[in-house]
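S.K.: As input, take protein_1.cif (mmCIF, C-alpha atoms):
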data_my_file
#
loop_
_atom_site.label_atom_id
_atom_site.label_comp_id
_atom_site.auth_asym_id
_atom_site.auth_seq_id
_atom_site.Cartn_x
_atom_site.Cartn_y
_atom_site.Cartn_z
CA MET A 786 0.00 0.00 0.00
CA SER A 787 1.40 3.39 -0.91
CA ASN A 788 1.69 6.06 1.74
CA ASP A 789 -0.99 8.14 0.04
CA VAL A 790 -3.46 5.27 0.03
CA ALA A 791 -2.69 4.55 3.69
CA ALA A 792 -3.19 8.23 4.53
CA ASP A 793 -6.53 8.32 2.68
CA LEU A 794 -7.73 5.28 4.57
CA ALA A 795 -6.58 6.72 7.88
CA ASP A 796 -8.64 9.84 7.19
CA ARG A 797 -11.79 7.77 6.59
CA VAL A 798 -11.59 5.54 9.66
CA PRO A 799 -13.27 6.95 12.79
CA ARG A 800 -10.56 8.00 15.23
CA ALA A 801 -10.53 8.45 18.97
CA MET A 802 -9.96 12.08 19.97
CA HIS A 803 -6.46 11.44 21.33
CA ASP A 804 -5.31 9.51 18.24
CA LEU A 805 -3.85 12.55 16.50
CA GLY A 806 -1.25 11.17 14.10
CA GLY A 807 -1.94 12.68 10.68
CA VAL A 808 -5.39 14.04 11.61
CA PRO A 809 -6.26 16.52 8.83
CA ARG A 810 -7.90 19.21 11.01
CA PHE A 811 -4.58 19.85 12.77
CA LEU A 812 -2.34 19.78 9.70
CA CYS A 813 -2.99 23.46 8.96
CA GLU A 814 -2.56 24.61 12.55
CA ALA A 815 0.82 26.18 13.33
CA VAL A 816 2.86 24.54 16.07
CA ASP A 817 3.32 26.87 19.03
CA THR A 818 7.06 26.47 19.50
CA ALA A 819 7.35 29.13 22.24
CA PRO A 820 8.37 27.93 25.71
CA HIS A 821 5.50 27.65 28.20
CA ALA A 822 6.61 27.40 31.83
CA LEU A 823 4.74 24.94 34.06
CA ASP A 824 3.01 26.47 37.07
CA ASP A 825 2.69 25.12 40.63
CA PHE A 826 -0.57 23.36 39.78
CA ASP A 827 1.06 21.51 36.87
CA ARG A 828 4.07 20.45 38.93
CA GLU A 829 2.00 19.20 41.84
CA VAL A 830 -0.31 17.14 39.63
CA ASP A 831 2.70 15.64 37.87
CA ALA A 832 4.34 14.79 41.21
CA ILE A 833 1.17 13.20 42.62
CA ARG A 834 0.82 11.02 39.51
CA GLN A 835 4.40 9.85 39.93
CA ILE A 836 3.86 9.01 43.61
CA LEU A 837 0.66 7.10 42.81
CA GLY A 838 2.61 5.15 40.18
CA ALA A 839 5.59 4.45 42.44
CA LYS A 840 3.27 3.20 45.21
CA GLY A 841 1.28 0.99 42.86
CA VAL A 842 -1.95 2.91 43.45
CA MET A 843 -2.45 3.92 39.82
CA SER A 844 -0.47 3.20 36.65
CA VAL A 845 0.40 5.48 33.77
CA ASP A 846 -1.84 3.34 31.56
CA GLU A 847 -4.75 4.03 33.90
CA LEU A 848 -3.94 7.74 33.70
CA ARG A 849 -4.19 7.54 29.93
CA ARG A 850 -7.42 5.55 30.03
CA GLY A 851 -8.92 8.21 32.30
CA ILE A 852 -7.83 10.97 29.92
CA GLU A 853 -9.12 9.14 26.87
CA ALA A 854 -12.49 8.58 28.60
CA LEU A 855 -13.11 12.32 28.99
CA PRO A 856 -15.88 13.77 26.82
CA GLU A 857 -14.28 15.14 23.67
CA ASP A 858 -15.27 18.76 24.30
CA VAL A 859 -13.75 18.57 27.78
CA TYR A 860 -10.57 16.95 26.42
CA ARG A 861 -10.18 19.75 23.86
CA ARG A 862 -10.97 22.54 26.33
CA LEU A 863 -8.83 21.52 29.29
CA SER A 864 -5.13 22.15 29.70
CA TYR A 865 -2.79 19.17 29.79
CA TYR A 866 -2.60 18.89 33.57
CA ARG A 867 -6.29 19.69 34.12
CA ARG A 868 -6.99 16.57 32.08
CA TRP A 869 -4.65 14.68 34.38
CA VAL A 870 -6.47 15.81 37.55
CA ARG A 871 -9.82 14.71 36.13
CA SER A 872 -8.34 11.36 35.13
CA ILE A 873 -6.65 10.78 38.49
CA ALA A 874 -9.85 11.62 40.40
CA SER A 875 -11.99 9.33 38.21
CA ILE A 876 -9.61 6.40 38.38
CA LEU A 877 -9.13 6.65 42.16
CA ILE A 878 -12.91 6.78 42.65
CA GLU A 879 -13.42 3.86 40.23
CA LYS A 880 -10.86 1.80 42.17
CA GLY A 881 -12.41 2.67 45.50
CA VAL A 882 -9.28 4.42 46.77
CA ILE A 883 -11.35 7.52 47.50
CA SER A 884 -15.06 8.27 47.33
CA GLU A 885 -16.73 10.87 45.15
CA ALA A 886 -18.50 12.34 48.18
CA ALA A 887 -15.26 12.72 50.16
CA LEU A 888 -13.49 14.31 47.21
CA ARG A 889 -16.33 16.77 46.73
CA ALA A 890 -16.36 17.65 50.42
CA HIS A 891 -12.59 18.21 50.55
CA ALA A 892 -12.54 20.08 47.26
CA ILE A 893 -15.06 22.57 48.53
CA SER A 894 -13.89 22.97 52.11
CA GLY A 895 -10.33 21.59 52.27
CA ALA A 896 -7.46 23.85 53.20
CA GLY A 897 -5.81 24.80 49.95
CA ARG A 898 -3.39 27.28 48.50
CA MET B 1282 -18.42 12.81 33.61
CA ILE B 1283 -18.19 12.77 37.39
CA LEU B 1284 -17.71 15.96 39.38
CA GLY B 1285 -18.20 17.93 36.19
CA ASP B 1286 -19.22 20.99 38.19
CA LEU B 1287 -15.92 21.17 40.08
CA ASP B 1288 -12.99 23.24 38.89
CA GLU B 1289 -9.81 21.17 38.51
CA ARG B 1290 -7.95 23.38 40.99
CA ASP B 1291 -10.53 22.51 43.64
CA MET B 1292 -10.28 18.85 42.65
CA LEU B 1293 -6.53 18.99 43.25
CA LYS B 1294 -7.17 20.56 46.66
CA GLY B 1295 -9.50 17.68 47.51
CA LEU B 1296 -7.11 15.04 46.19
CA ARG B 1297 -4.23 16.54 48.15
CA ALA B 1298 -6.23 16.39 51.40
CA LEU B 1299 -7.53 12.84 50.82
CA LEU B 1300 -4.18 11.38 49.78
CA ALA B 1301 -2.56 12.86 52.90
CA GLU B 1302 -5.39 11.58 55.11
CA GLN B 1303 -4.97 8.07 53.72
CA GLY B 1304 -1.20 8.08 54.07
CA ILE B 1305 -0.68 7.75 50.30
CA ALA B 1306 1.09 11.06 49.68
CA ASN B 1307 1.84 13.87 52.10
CA ALA B 1308 3.00 17.41 51.41
CA ALA B 1309 6.66 16.62 52.08
CA GLU B 1310 6.66 13.67 49.65
CA ILE B 1311 5.00 15.78 46.99
CA ALA B 1312 7.52 18.59 47.47
CA GLU B 1313 10.39 16.11 47.26
CA ARG B 1314 9.02 14.62 44.05
CA ILE B 1315 8.54 18.05 42.50
CA ALA B 1316 12.17 18.94 43.31
CA ALA B 1317 13.45 15.67 41.83
CA THR B 1318 11.39 16.15 38.65
CA ASP B 1319 12.48 19.76 38.27
CA ALA B 1320 16.10 18.59 38.49
CA ALA B 1321 15.84 16.50 35.29
CA ASN B 1322 16.70 18.74 32.33
CA PRO B 1323 17.97 18.68 28.75
CA GLY B 1324 21.51 19.25 30.02
CA GLN B 1325 21.58 15.59 31.07
CA GLY B 1326 20.75 14.37 27.59
CA ALA B 1327 23.20 16.88 26.13
CA ALA B 1328 25.96 15.46 28.35
CA MET B 1329 25.18 11.98 27.01
CA VAL B 1330 25.32 13.22 23.42
CA ALA B 1331 28.62 15.03 23.97
CA ARG B 1332 30.14 11.96 25.56
CA ALA B 1333 28.94 9.79 22.69
CA TRP B 1334 30.69 12.20 20.31
CA THR B 1335 33.97 11.91 22.19
CA ASP B 1336 33.99 8.38 23.62
CA ARG B 1337 33.62 5.52 21.15
CA GLU B 1338 32.80 2.91 23.80
CA PHE B 1339 30.13 5.07 25.37
CA ARG B 1340 28.61 5.71 21.95
CA ALA B 1341 28.34 1.96 21.35
CA LEU B 1342 26.73 1.46 24.77
CA MET B 1343 24.29 4.34 24.20
CA LEU B 1344 23.13 2.96 20.84
CA ALA B 1345 22.80 -0.56 22.24
CA ASP B 1346 21.10 0.34 25.54
CA GLY B 1347 20.12 3.93 26.29
CA THR B 1348 19.03 3.07 29.82
CA LYS B 1349 22.45 1.66 30.74
CA ALA B 1350 24.19 4.64 29.13
CA ALA B 1351 22.04 7.08 31.15
CA GLU B 1352 22.77 5.15 34.33
CA ALA B 1353 26.49 5.29 33.51
CA MET B 1354 26.09 9.11 33.57
CA GLY B 1355 24.47 8.94 37.01
CA ILE B 1356 20.93 9.53 35.77
CA PRO B 1357 18.38 7.52 37.81
CA MET B 1358 16.44 5.18 35.47
CA ARG B 1359 15.05 2.62 37.90
CA GLY B 1360 11.38 1.90 37.40
CA LEU B 1361 11.25 3.95 34.20
CA PRO B 1362 10.49 2.70 30.69
CA PRO B 1363 13.50 1.63 28.57
CA LEU B 1364 15.30 4.37 26.63
CA GLY B 1365 16.15 3.80 22.97
CA VAL B 1366 18.62 6.01 21.11
CA LEU B 1367 18.20 6.84 17.41
CA GLU B 1368 21.42 7.70 15.60
CA ASN B 1369 21.31 10.43 12.96
CA VAL B 1370 23.77 9.67 10.17
CA PRO B 1371 24.46 11.35 6.81
CA GLY B 1372 21.31 10.86 4.72
CA LEU B 1373 19.06 9.76 7.63
CA HIS B 1374 17.41 12.04 10.20
CA HIS B 1375 15.17 10.90 13.08
CA LEU B 1376 12.14 12.66 14.56
CA VAL B 1377 10.38 11.56 17.76
CA VAL B 1378 6.67 12.08 18.45
CA CYS B 1379 3.98 10.60 20.67
CA THR B 1380 0.84 10.68 18.53
CA LEU B 1381 -1.43 9.29 21.26
CA CYS B 1382 -0.33 11.47 24.14
CA SER B 1383 3.01 12.92 25.23
CA CYS B 1384 5.42 10.08 26.08
CA TYR B 1385 8.84 11.71 26.31
CA PRO B 1386 12.31 10.67 27.52
CA ARG B 1387 11.74 12.60 30.74
CA ALA B 1388 14.53 10.94 32.69
CA VAL B 1389 17.15 12.43 30.37
CA LEU B 1390 15.40 15.58 29.06
CA GLY B 1391 13.01 16.65 31.83
CA TYR B 1392 9.37 17.69 31.37
CA PRO B 1393 8.12 17.52 27.77
CA PRO B 1394 7.92 20.98 26.17
CA PHE B 1395 4.53 22.49 25.34
CA TRP B 1396 4.87 21.98 21.58
CA TYR B 1397 5.61 18.27 21.99
CA LYS B 1398 2.20 17.81 23.66
CA SER B 1399 0.30 19.92 21.11
CA ALA B 1400 -2.26 18.51 18.68
CA ALA B 1401 -0.55 20.21 15.72
CA TYR B 1402 2.85 18.64 16.44
CA ARG B 1403 1.37 15.19 17.00
CA ALA B 1404 -0.73 15.38 13.84
CA LYS B 1405 1.99 16.74 11.54
CA ALA B 1406 4.99 14.70 12.62
CA VAL B 1407 3.77 11.54 10.94
CA ARG B 1408 2.27 13.20 7.83
CA THR B 1409 4.31 16.29 6.93
CA PRO B 1410 7.54 15.98 8.94
CA ARG B 1411 9.66 18.04 6.55
CA ALA B 1412 7.27 20.99 6.74
CA LEU B 1413 7.03 20.56 10.50
CA LEU B 1414 10.81 20.84 10.83
CA ARG B 1415 10.66 24.11 8.88
CA GLU B 1416 8.43 25.53 11.63
CA PHE B 1417 11.38 24.98 13.95
CA GLY B 1418 13.73 26.65 11.47
CA THR B 1419 15.20 23.35 10.33
CA GLU B 1420 15.66 22.85 6.58
CA LEU B 1421 16.87 19.36 5.68
CA ALA B 1422 18.37 18.65 2.28
CA ARG B 1423 16.01 16.85 -0.12
CA ASP B 1424 18.20 13.76 -0.14
CA VAL B 1425 18.05 13.32 3.65
CA ALA B 1426 15.39 10.76 4.60
CA ILE B 1427 13.33 11.37 7.73
CA ARG B 1428 12.44 8.44 9.93
CA VAL B 1429 9.62 9.29 12.37
CA VAL B 1430 9.46 7.23 15.56
CA ASP B 1431 6.29 7.10 17.69
CA SER B 1432 6.98 6.84 21.43
CA THR B 1433 4.78 4.81 23.72
CA ALA B 1434 4.14 4.64 27.44
CA ASP B 1435 6.40 1.58 27.52
CA TYR B 1436 9.35 2.74 25.42
CA ARG B 1437 10.97 6.17 25.13
CA TRP B 1438 13.25 7.50 22.40
CA MET B 1439 15.88 10.20 22.10
CA VAL B 1440 17.92 11.23 19.07
CA LEU B 1441 21.72 11.16 18.93
CA PRO B 1442 22.37 14.04 16.51
CA GLU B 1443 25.34 14.24 14.16
CA ARG B 1444 28.31 16.13 15.55
CA PRO B 1445 28.47 19.43 13.67
CA ALA B 1446 31.47 20.41 11.59
CA GLY B 1447 33.78 22.98 13.12
CA THR B 1448 33.95 21.29 16.52
CA ASP B 1449 37.25 19.41 16.12
CA GLY B 1450 39.22 19.27 19.31
CA TRP B 1451 36.31 20.44 21.50
CA ASP B 1452 35.97 18.70 24.85
CA ALA B 1453 32.72 17.12 26.05
CA ALA B 1454 31.66 20.10 28.19
CA ARG B 1455 32.01 22.52 25.28
CA LEU B 1456 30.15 20.14 22.97
CA ALA B 1457 27.33 19.59 25.48
CA ALA B 1458 26.72 23.35 25.56
CA ILE B 1459 25.65 23.38 21.89
CA VAL B 1460 23.14 20.50 22.20
CA ARG B 1461 19.57 21.70 22.72
CA GLU B 1462 16.40 19.92 23.78
CA GLY B 1463 14.99 19.94 20.23
CA ASP B 1464 18.17 18.38 18.80
CA MET B 1465 17.49 15.27 20.89
CA ILE B 1466 13.89 15.00 19.64
CA GLY B 1467 14.89 15.78 16.07
CA VAL B 1468 13.08 19.09 15.45
CA THR B 1469 16.41 20.90 15.24
CA VAL B 1470 20.04 19.99 14.59
CA PRO B 1471 23.02 21.28 16.53
CA SER B 1472 25.17 23.88 14.85
CA VAL B 1473 28.07 26.15 15.73
#
Once you've parsed the file, please lay out its structure as structure tokens.

M.R.:
Amino acid sequence: MSNDVAADLADRVPRAMHDLGGVPRFLCEAVDTAPHALDDFDREVDAIRQILGAKGVMSVDELRRGIEALPEDVYRRLSYYRRWVRSIASILIEKGVISEAALRAHAISGAGR
Amino acid sequence: MILGDLDERDMLKGLRALLAEQGIANAAEIAERIAATDAANPGQGAAMVARAWTDREFRALMLADGTKAAEAMGIPMRGLPPLGVLENVPGLHHLVVCTLCSCYPRAVLGYPPFWYKSAAYRAKAVRTPRALLREFGTELARDVAIRVVDSTADYRWMVLPERPAGTDGWDAARLAAIVREGDMIGVTVPSV
């Protein structure tokens, strides 16, 4: 199969939102090559994910599954690490590590920054 | 979607409190992990590249087993996915992407840059790589083939660029200073 034929086929097959290789709608979009510094929120989410992985609470594959399960409009709207927080919360609730009610209560009233 | 009404910053606040309460992660552990992650940076990968340019044995090790080569430089790799090293040679250039997400050789380069995670980069790398490189100011000769490599959660890649002309007699420290993050992903090439 030639590359062009393969590309045509790839454009016709329904794709999951995260499966971005060669997706036509992004081929005309310029790449933002400017540096973007991470903020404290980003760093903390990243660190928590690493700790959950190191302690065997949640794997990187579960993180990805949680991200890929987001509604497409939410996936497109949220920043990289906001997607991660949503995924981590969903997976930990699904696994029974935390409860939705407790997370809601702490999110609203917990001592934060 | 659960908790759709909550802002993600509040969700993080809740997670932080619950994980501490359950003894899974406390503030000190999180701070320590942030510091360790911040410490990983492209300078580590650049030091590997410079050593590969000046030390034949190390170059062979790096191409055979990137993880072992990183460990030989004192970079902690335990528990991380294996690191593969793609050697640029005359006529063949490598470009690394993660089309599904953002898998990146973090142990040797640090956090992935914003562009690496962007939809445009992920879409273009596998379809129009030559035009993509131009967006980074990189113009490859027509007769140089581009091999695009898709990273996964289970295997990470970095590029060993070609040593630029005009660097004869340079020591490893001087060479490392000209190697940038993008050179080790393949969006740019080192020059002097």

S.K.: Quick one: of A:Val816, A:Leu855, A:Ile876, A:Asp789, who's nearest to B:Val1468, counting all atoms listed in the file?

M.R.: A:Val816

S.K.: Go through the shown structure with the PyMOL selection byres ((chain B) within 6 of (chain A)) and write out the matching residues as a PDB file with C-alpha atoms, in the coordinates of the input.

M.R.:
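Wrote selection16.pdb, looks like this:
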ATOM      1  CA  GLU B1289      -9.810  21.170  38.510  1.00  0.00           C
ATOM      2  CA  ASP B1291     -10.530  22.510  43.640  1.00  0.00           C
ATOM      3  CA  MET B1292     -10.280  18.850  42.650  1.00  0.00           C
ATOM      4  CA  LYS B1294      -7.170  20.560  46.660  1.00  0.00           C
ATOM      5  CA  GLY B1295      -9.500  17.680  47.510  1.00  0.00           C
ATOM      6  CA  ILE B1311       5.000  15.780  46.990  1.00  0.00           C
ATOM      7  CA  ARG B1314       9.020  14.620  44.050  1.00  0.00           C
ATOM      8  CA  ILE B1315       8.540  18.050  42.500  1.00  0.00           C
ATOM      9  CA  THR B1380       0.840  10.680  18.530  1.00  0.00           C
ATOM     10  CA  LEU B1381      -1.430   9.290  21.260  1.00  0.00           C
ATOM     11  CA  PHE B1395       4.530  22.490  25.340  1.00  0.00           C
ATOM     12  CA  TRP B1396       4.870  21.980  21.580  1.00  0.00           C
ATOM     13  CA  ALA B1401      -0.550  20.210  15.720  1.00  0.00           C
ATOM     14  CA  TYR B1402       2.850  18.640  16.440  1.00  0.00           C
ATOM     15  CA  ARG B1403       1.370  15.190  17.000  1.00  0.00           C
ATOM     16  CA  ALA B1404      -0.730  15.380  13.840  1.00  0.00           C
ATOM     17  CA  LYS B1405       1.990  16.740  11.540  1.00  0.00           C
ATOM     18  CA  VAL B1407       3.770  11.540  10.940  1.00  0.00           C
ATOM     19  CA  ARG B1408       2.270  13.200   7.830  1.00  0.00           C
TER      20      ARG B1408
END

S.K.: Could you expand the PyMOL selection byres ((chain B and resi 1386) around 9) into the explicit residues it covers here, written as number ranges by chain?

M.R.: B: 1362, 1364, 1384-1385, 1387-1393, 1432, 1436-1439

S.K.: Near B:Leu1367, counting all atoms listed in the file, which residues have an atom at most 9 Å away, once you skip same-chain residues fewer than 6 positions from it, shown as a PyMOL selection string?

M.R.: chain B and resi 1344+1374-1376+1430+1438-1442

S.K.: Would you kindly return, as a PDB file with C-alpha atoms, keeping the file's coordinate frame, each protein, DNA or RNA residue with an atom no farther than 12 Å from any atom of B:Gly1355, considering only C-alpha atoms and excluding same-chain residues fewer than 4 positions away?

M.R.:
ATOM      1  CA  ALA B1321      15.840  16.500  35.290  1.00  0.00           C
ATOM      2  CA  GLN B1325      21.580  15.590  31.070  1.00  0.00           C
ATOM      3  CA  GLY B1326      20.750  14.370  27.590  1.00  0.00           C
ATOM      4  CA  ALA B1328      25.960  15.460  28.350  1.00  0.00           C
ATOM      5  CA  MET B1329      25.180  11.980  27.010  1.00  0.00           C
ATOM      6  CA  THR B1348      19.030   3.070  29.820  1.00  0.00           C
ATOM      7  CA  LYS B1349      22.450   1.660  30.740  1.00  0.00           C
ATOM      8  CA  ALA B1350      24.190   4.640  29.130  1.00  0.00           C
ATOM      9  CA  ALA B1351      22.040   7.080  31.150  1.00  0.00           C
ATOM     10  CA  ARG B1359      15.050   2.620  37.900  1.00  0.00           C
ATOM     11  CA  ALA B1388      14.530  10.940  32.690  1.00  0.00           C
ATOM     12  CA  VAL B1389      17.150  12.430  30.370  1.00  0.00           C
TER      13      VAL B1389
END

S.K.: With 12 Å as the threshold, what does the neighbourhood of (23.5, 24.9, 15.8) contain in terms of residues, counting only C-alpha atoms? Coordinates are those of the file; answer as a PyMOL selection string.

M.R.: chain B and resi 1418-1419+1442-1448+1456-1464+1468-1473

S.K.: Can you tell me which residues surround B:Asp1452 at a distance of at most 9 Å, considering all atoms listed in the file, apart from same-chain residues fewer than 5 positions away, and format the answer as a compact mmCIF listing (two decimals) with C-alpha atoms, keeping the file's coordinate frame?

M.R.:
# COMPACT_ATOMS: atom_id res chain seq x y z
CA ALA B 1331 28.62 15.03 23.97
CA ARG B 1332 30.14 11.96 25.56
CA THR B 1335 33.97 11.91 22.19
CA ALA B 1457 27.33 19.59 25.48

S.K.: Atom CA of B:Ala1454 to atom CA of B:Ala1320: how many Å, to one decimal?

M.R.: 18.7 Å
